[in-house]
Amino acid sequence: MLQLALTIIIFLIIVIPVGRYMYHIATWKHTFGDPVFDRIDGVIYKIGGVNPHKGMNWKQYALALVGTNAVMVAIGYLILRIQSIPLFNPNGIGNMEPTLAFNTIISFMTNTNLQHYSGESGLSYLSQMLVIIFMMFVSAASGYAACVAFIRGLAGKTKDDVGNFFADLVRITTRILVPFSIVGGLLLVWQGVPQNFEGNIVVDTLEGTLQTIAMGPIAALEIIKHLGTNGGGFLGANSTTPLENPTIISNLIELYSMMLLPGACVITFGKMVRGRKRTAAAEAGEGGQAAIEGGSGVVSTENSGTGERLGQRNGLTAAIYGREGRSIFLAMGIIFLIGLAVCYFSELAGNPALAKIGLDQSMGSMEGKEVRFGIAQSAMFTTTTTSFTTGTVNNMHDTLTPLGGMIPLLHMMLNVVFGGKGVGLMNMIMYAILGVFICGLMIGRTPEYLGKKIEGREMKLTALCIIIHPFLILAFSALAVSTAGGLAGITNPGFHGLSQVLYEYASSAANNGSGFEGLADNSYFWNVTAGLAMFFGRYLSIVIQLAIAGSLMRKNFVNESAGTLRTDTVSFAVILVFVVYIFAALTFFPALALGPIAEHLTLWA
């Protein structure tokens, strides 16, 4: 319990300054590294022919994002298909099969990193670097860029400018992902993670057999896979192996790396929304020019009368918007802590079936876990990797207890608990819009969020965005359990087999990438269907969310009144948690009841 508490406290301490730094990057404010980064960025802009100060509307931004990603998908697919060439291929790895190459390139471009192959035997070093590591940077930067554009739309400082995608992509990569990765990668090398270009080593073991030990640029991949919430391992066993995660210190480095930027996005959101208070006051002041001093909400005006009063009132309202990030962060934190508690205590309870045959379960269920991490850090890693949609694992999720395994499955189904590359924030705001709409119906008022009216267009898009995720999971799962190709991959009978299927598509649609494993998923059926789930789960949501931001930014700010629902309070955070859980119960409970819940009841009967 102390381990878990200290881990969370340290996260809360470091996430705030990183959130402020990301805010300065997103808003083009001065940072200490500008003299160096400006020169680097300038060269990139010149080579790419990019005018970083030319704004885009939401449609142009979405088209630039999808188009850029599509070009990289084509190049990456080609490299995977010809990776047998003798270039950075000391182990003689062959070309990747077409459907597996399709699944792999979609997986890494969508920031999913679902792996239907084993890294040490399926990829050459050329593919590991030019496809896997490169895609980990680009996919993460694309996601964070979309999140920043989405926040700009909600902040509404302009009517039709969410920024420049190419400039955001470059700035996030050069000023956040690359420098953070260099520091984190060196820390991992310090802890013993390999970083070289040597071929695999064959050694004699104490038992008198031969064992192959993988080599390669492992540390470089390891840090960006966590920092970019990617998750795909250099090795098939991912972060359970000592080559990727040798010590408890390396475990904490990887843990904080995947938590850092998604949590910081929420801090950035709060600061960017707060930063628009001058715009809100100016729009609503009409006859008075309001100037809001700092963040205190104190307003000075040149004229008096109605304009002054409106400017004061809306100035105070806009200052309150700065606390919107806190309510979102609190709601995410509540769901995360509930999931962590259930996972931890479920694993601590052990397996009653093993206890019946005389095996000691007083230490909890250690099946599939590394002794150097134990129950606490395994539960923490499991809950974090699926809450922050990273997908990396330091234990085998397939061997978790039924309720312990239900938590990562549920959090991927929710896809709002911080999430990776800003996705959790954008999805949680969809639920916030849904929450204010429901509450608005209860009190008979037009719902408002961040000072903008939520009307029919926004609600239709929000409903569509929310429903896509469960549709992908449940529709593909139904297809898998009703066709020969899907059934051929299910290796576990009964309830656990269904949990495997649900986990595969929840991981794909949430762009998480972790797996229950045990599933024979390297087949035409699973490669193609999981690839489609990853593609639609990524790009449909982003485009719809940018459309919502574009719609809201064109609206004028409205005056706060006694009937306005405050969305910056603890009570709204609690409402948000209930809205998320109620929606999850309505959509996923029947499937969960037939999978992990039924397995738990059977095991403990």
# chains A, B, ... in the order shown; residues from 1 in each chain; ligands from 1
call {"tool": "residues_around", "arguments": {"residues": "A:Leu80", "least_positions_apart": "3", "cutoff": "6 Å", "atoms": "only C-alpha atoms", "output": "number ranges by chain"}}
result
A: 77, 83, 96
call {"tool": "residues_around", "arguments": {"residues": "A:Ile85", "least_positions_apart": "2", "cutoff": "12 Å", "atoms": "only C-alpha atoms", "output": "NGL selection string"}}
result
:A and (79-83 or 87-96 or 123-127)
call {"tool": "write_last_selection", "arguments": {"atoms": "C-alpha atoms", "output": "JSON list (two decimals), in the first residue's frame"}}
result
[["chain", "number", "residue", "atom", "x", "y", "z"],
["A", 79, "ILE", "CA", 10.09, -1.62, -45.36],
["A", 80, "LEU", "CA", 8.46, -4.52, -43.49],
["A", 81, "ARG", "CA", 7.95, -6.39, -46.75],
["A", 82, "ILE", "CA", 11.64, -6.05, -47.79],
["A", 83, "GLN", "CA", 13.34, -6.19, -44.37],
["A", 87, "LEU", "CA", 21.15, -3.89, -43.91],
["A", 88, "PHE", "CA", 21.03, -3.75, -40.09],
["A", 89, "ASN", "CA", 19.94, -7.37, -40.19],
["A", 90, "PRO", "CA", 22.66, -9.39, -38.40],
["A", 91, "ASN", "CA", 20.17, -12.10, -37.38],
["A", 92, "GLY", "CA", 18.96, -12.77, -40.94],
["A", 93, "ILE", "CA", 15.29, -11.95, -40.34],
["A", 94, "GLY", "CA", 13.02, -12.62, -43.34],
["A", 95, "ASN", "CA", 10.32, -10.47, -44.92],
["A", 96, "MET", "CA", 7.05, -10.07, -43.03],
["A", 123, "LEU", "CA", 11.89, -7.79, -37.13],
["A", 124, "SER", "CA", 15.32, -6.75, -38.38],
["A", 125, "TYR", "CA", 17.11, -3.86, -36.67],
["A", 126, "LEU", "CA", 16.29, -1.78, -39.76],
["A", 127, "SER", "CA", 12.56, -2.36, -39.21]]
call {"tool": "residues_around", "arguments": {"residues": "A:Leu255", "least_positions_apart": "3", "cutoff": "10 Å", "atoms": "only C-alpha atoms", "output": "list of chain:residue names"}}
result
A:Thr7, A:Phe11, A:His226, A:Leu227, A:Ile249, A:Ser250, A:Asn251, A:Leu252, A:Met258, A:Met259, A:Leu260, A:Gln377, A:Met380, A:Phe381, A:Thr384, A:Thr385, A:Thr392
call {"tool": "closest_atom_pairs", "arguments": {"of": "stretch 44-99 of chain A", "to": "stretch 169-177 of chain A", "cutoff": "10 Å", "atoms": "only C-alpha atoms", "output": "CSV"}}
result
residue,atom,partner,partner_atom,distance
A:Ile44,CA,A:Val170,CA,7.8
A:Tyr45,CA,A:Val170,CA,8.4
A:Pro52,CA,A:Val170,CA,9.5
A:Leu65,CA,A:Leu169,CA,9.1
call {"tool": "atom_distance", "arguments": {"atom1": "atom CA of A:Asp160", "atom2": "atom CA of A:Val558"}}
result
18.5 Å
call {"tool": "select_by_dssp", "arguments": {"residues": "stretch 98-245 of chain A", "states": "alpha helix (DSSP H)", "output": "PyMOL selection string"}}
result
chain A and resi 98-109+119-122+125-127+134-155+165-172+178-190+218-227
call {"tool": "select_by_dssp", "arguments": {"residues": "stretch 409-478 of chain A", "states": "strand (DSSP E)", "output": "list in words"}}
result
Glu448, Tyr449, Lys452 and Lys453 of chain A
call {"tool": "write_last_selection", "arguments": {"atoms": "N, CA and C atoms", "output": "short mmCIF file (atom, residue, chain, number, x, y, z; two decimals), in the first residue's frame"}}
result
data_model
loop_
_atom_site.label_atom_id
_atom_site.label_comp_id
_atom_site.auth_asym_id
_atom_site.auth_seq_id
_atom_site.Cartn_x
_atom_site.Cartn_y
_atom_site.Cartn_z
N GLU A 448 -24.61 24.11 -21.32
CA GLU A 448 -23.44 24.91 -21.67
C GLU A 448 -22.19 24.21 -21.14
N TYR A 449 -21.12 24.35 -21.91
CA TYR A 449 -19.83 23.84 -21.44
C TYR A 449 -18.75 24.83 -21.85
N LYS A 452 -19.99 27.91 -23.74
CA LYS A 452 -20.58 27.76 -25.07
C LYS A 452 -21.82 26.87 -24.98
N LYS A 453 -22.86 27.20 -25.75
CA LYS A 453 -24.06 26.38 -25.76
C LYS A 453 -23.81 25.06 -26.47
#
call {"tool": "atom_distance", "arguments": {"atom1": "atom CA of A:Leu565", "atom2": "atom CA of A:Ile433"}}
result
11.5 Å
call {"tool": "closest_residue", "arguments": {"among": "A:Met22, A:Leu403, A:Met56, A:Ala167", "to": "A:Gly42", "atoms": "only C-alpha atoms"}}
result
A:Ala167
call {"tool": "closest_residue", "arguments": {"among": "A:Ile213, A:Leu337, A:Leu187, A:Ala64", "to": "A:Ala5", "atoms": "only C-alpha atoms"}}
result
A:Leu337
call {"tool": "residues_around", "arguments": {"residues": "A:Thr462", "least_positions_apart": "6", "cutoff": "8 Å", "atoms": "only C-alpha atoms", "output": "PyMOL selection string"}}
result
chain A and resi 430+433-434+544-545+548
call {"tool": "write_last_selection", "arguments": {"atoms": "N, CA and C atoms", "output": "PDB file, in the first residue's frame"}}
result
ATOM      1  N   MET A 430     -15.856  14.444 -24.039  1.00  0.00           N
ATOM      2  CA  MET A 430     -17.095  13.982 -24.673  1.00  0.00           C
ATOM      3  C   MET A 430     -18.123  13.606 -23.605  1.00  0.00           C
ATOM      4  N   ILE A 433     -19.477  16.770 -21.955  1.00  0.00           N
ATOM      5  CA  ILE A 433     -20.541  17.363 -22.768  1.00  0.00           C
ATOM      6  C   ILE A 433     -21.831  16.575 -22.589  1.00  0.00           C
ATOM      7  N   LEU A 434     -21.729  15.243 -22.589  1.00  0.00           N
ATOM      8  CA  LEU A 434     -22.907  14.411 -22.348  1.00  0.00           C
ATOM      9  C   LEU A 434     -23.481  14.668 -20.961  1.00  0.00           C
ATOM     10  N   ILE A 544     -13.964  13.301 -35.582  1.00  0.00           N
ATOM     11  CA  ILE A 544     -15.218  13.759 -34.972  1.00  0.00           C
ATOM     12  C   ILE A 544     -14.940  14.759 -33.850  1.00  0.00           C
ATOM     13  N   GLN A 545     -13.951  14.486 -33.036  1.00  0.00           N
ATOM     14  CA  GLN A 545     -13.630  15.393 -31.931  1.00  0.00           C
ATOM     15  C   GLN A 545     -13.125  16.740 -32.440  1.00  0.00           C
ATOM     16  N   ILE A 548     -16.172  18.668 -33.466  1.00  0.00           N
ATOM     17  CA  ILE A 548     -16.866  19.254 -32.315  1.00  0.00           C
ATOM     18  C   ILE A 548     -16.152  20.521 -31.855  1.00  0.00           C
TER      19      ILE A 548
END
call {"tool": "closest_residue", "arguments": {"among": "A:Ile151, A:Leu206, A:Ile542, A:Met553", "to": "A:Val423", "atoms": "only C-alpha atoms"}}
result
A:Ile542
call {"tool": "residues_around", "arguments": {"residues": "A:Leu154", "least_positions_apart": "5", "cutoff": "8 Å", "atoms": "only C-alpha atoms", "output": "mmCIF file with N, CA, C and O atoms, in the first residue's frame"}}
result
data_model
loop_
_atom_site.group_PDB
_atom_site.id
_atom_site.type_symbol
_atom_site.label_atom_id
_atom_site.label_comp_id
_atom_site.auth_asym_id
_atom_site.auth_seq_id
_atom_site.Cartn_x
_atom_site.Cartn_y
_atom_site.Cartn_z
ATOM 1 N N VAL A 273 -7.499 26.750 -21.308
ATOM 2 C CA VAL A 273 -8.869 27.255 -21.176
ATOM 3 C C VAL A 273 -8.878 28.503 -20.312
ATOM 4 O O VAL A 273 -9.586 29.469 -20.593
ATOM 5 N N LEU A 450 -17.974 25.263 -20.883
ATOM 6 C CA LEU A 450 -16.910 26.244 -21.105
ATOM 7 C C LEU A 450 -17.450 27.521 -21.740
ATOM 8 O O LEU A 450 -16.814 28.141 -22.588
ATOM 9 N N ALA A 549 -14.820 20.458 -31.771
ATOM 10 C CA ALA A 549 -14.051 21.640 -31.377
ATOM 11 C C ALA A 549 -14.247 22.772 -32.374
ATOM 12 O O ALA A 549 -14.395 23.946 -31.989
ATOM 13 N N LEU A 552 -17.709 24.346 -31.766
ATOM 14 C CA LEU A 552 -17.797 25.157 -30.550
ATOM 15 C C LEU A 552 -17.017 26.457 -30.658
ATOM 16 O O LEU A 552 -17.428 27.487 -30.121
ATOM 17 N N MET A 553 -15.884 26.431 -31.350
ATOM 18 C CA MET A 553 -15.047 27.637 -31.388
ATOM 19 C C MET A 553 -15.693 28.765 -32.185
ATOM 20 O O MET A 553 -15.348 29.932 -32.022
#
call {"tool": "closest_residue", "arguments": {"among": "A:Tyr524, A:Tyr61, A:Tyr144, A:Phe589", "to": "A:Ile25", "atoms": "only C-alpha atoms"}}
result
A:Tyr144
call {"tool": "residues_around", "arguments": {"residues": "stretch 468-479 of chain A", "least_positions_apart": "4", "cutoff": "8 Å", "atoms": "only C-alpha atoms", "output": "short mmCIF file (atom, residue, chain, number, x, y, z; two decimals) with N, CA and C atoms, in the first residue's frame"}}
result
data_model
loop_
_atom_site.label_atom_id
_atom_site.label_comp_id
_atom_site.auth_asym_id
_atom_site.auth_seq_id
_atom_site.Cartn_x
_atom_site.Cartn_y
_atom_site.Cartn_z
N MET A 413 -12.11 -0.39 -22.29
CA MET A 413 -13.47 -0.17 -22.78
C MET A 413 -13.94 1.26 -22.51
N LEU A 464 -22.16 10.13 -31.50
CA LEU A 464 -21.51 9.28 -32.49
C LEU A 464 -20.11 8.90 -32.04
N THR A 483 -17.57 -17.04 -36.34
CA THR A 483 -16.97 -17.46 -37.61
C THR A 483 -15.82 -18.43 -37.35
N GLY A 486 -12.38 -16.78 -36.60
CA GLY A 486 -12.26 -16.24 -35.25
C GLY A 486 -12.13 -17.33 -34.21
N VAL A 501 -11.10 -12.72 -26.32
CA VAL A 501 -11.61 -12.05 -27.52
C VAL A 501 -11.96 -10.60 -27.23
N LEU A 502 -12.69 -10.37 -26.14
CA LEU A 502 -13.04 -9.00 -25.76
C LEU A 502 -11.80 -8.15 -25.54
N TYR A 505 -10.04 -7.00 -28.92
CA TYR A 505 -10.68 -5.90 -29.65
C TYR A 505 -10.80 -4.63 -28.81
N ALA A 506 -10.91 -4.76 -27.49
CA ALA A 506 -10.87 -3.57 -26.64
C ALA A 506 -9.50 -2.92 -26.74
N ALA A 509 -9.34 -1.28 -30.38
CA ALA A 509 -10.17 -0.09 -30.55
C ALA A 509 -9.70 1.07 -29.68
N ALA A 510 -9.14 0.75 -28.50
CA ALA A 510 -8.63 1.80 -27.61
C ALA A 510 -7.21 2.20 -27.95
N THR A 529 -9.00 -8.07 -39.02
CA THR A 529 -10.06 -7.48 -38.20
C THR A 529 -9.49 -6.58 -37.10
N ALA A 533 -10.09 -2.52 -36.61
CA ALA A 533 -10.52 -1.96 -35.33
C ALA A 533 -9.56 -0.86 -34.87
N GLY A 537 -10.83 2.95 -34.77
CA GLY A 537 -10.80 3.43 -33.39
C GLY A 537 -9.95 4.68 -33.23
N SER A 541 -12.52 8.76 -34.33
CA SER A 541 -12.68 9.54 -33.10
C SER A 541 -12.00 10.90 -33.22
N THR A 587 -23.50 -0.55 -21.89
CA THR A 587 -22.94 -1.09 -23.13
C THR A 587 -22.12 -2.36 -22.94
N PHE A 588 -21.37 -2.45 -21.86
CA PHE A 588 -20.40 -3.55 -21.72
C PHE A 588 -20.76 -4.59 -20.66
#
call {"tool": "closest_residue", "arguments": {"among": "A:Gly333, A:Gly420, A:Gly339, A:Gly208", "to": "A:Gly143", "atoms": "only C-alpha atoms"}}
result
A:Gly420
call {"tool": "closest_residue", "arguments": {"among": "A:Ser523, A:Asn69, A:Thr491, A:Ser551", "to": "A:Arg457", "atoms": "only C-alpha atoms"}}
result
A:Ser551
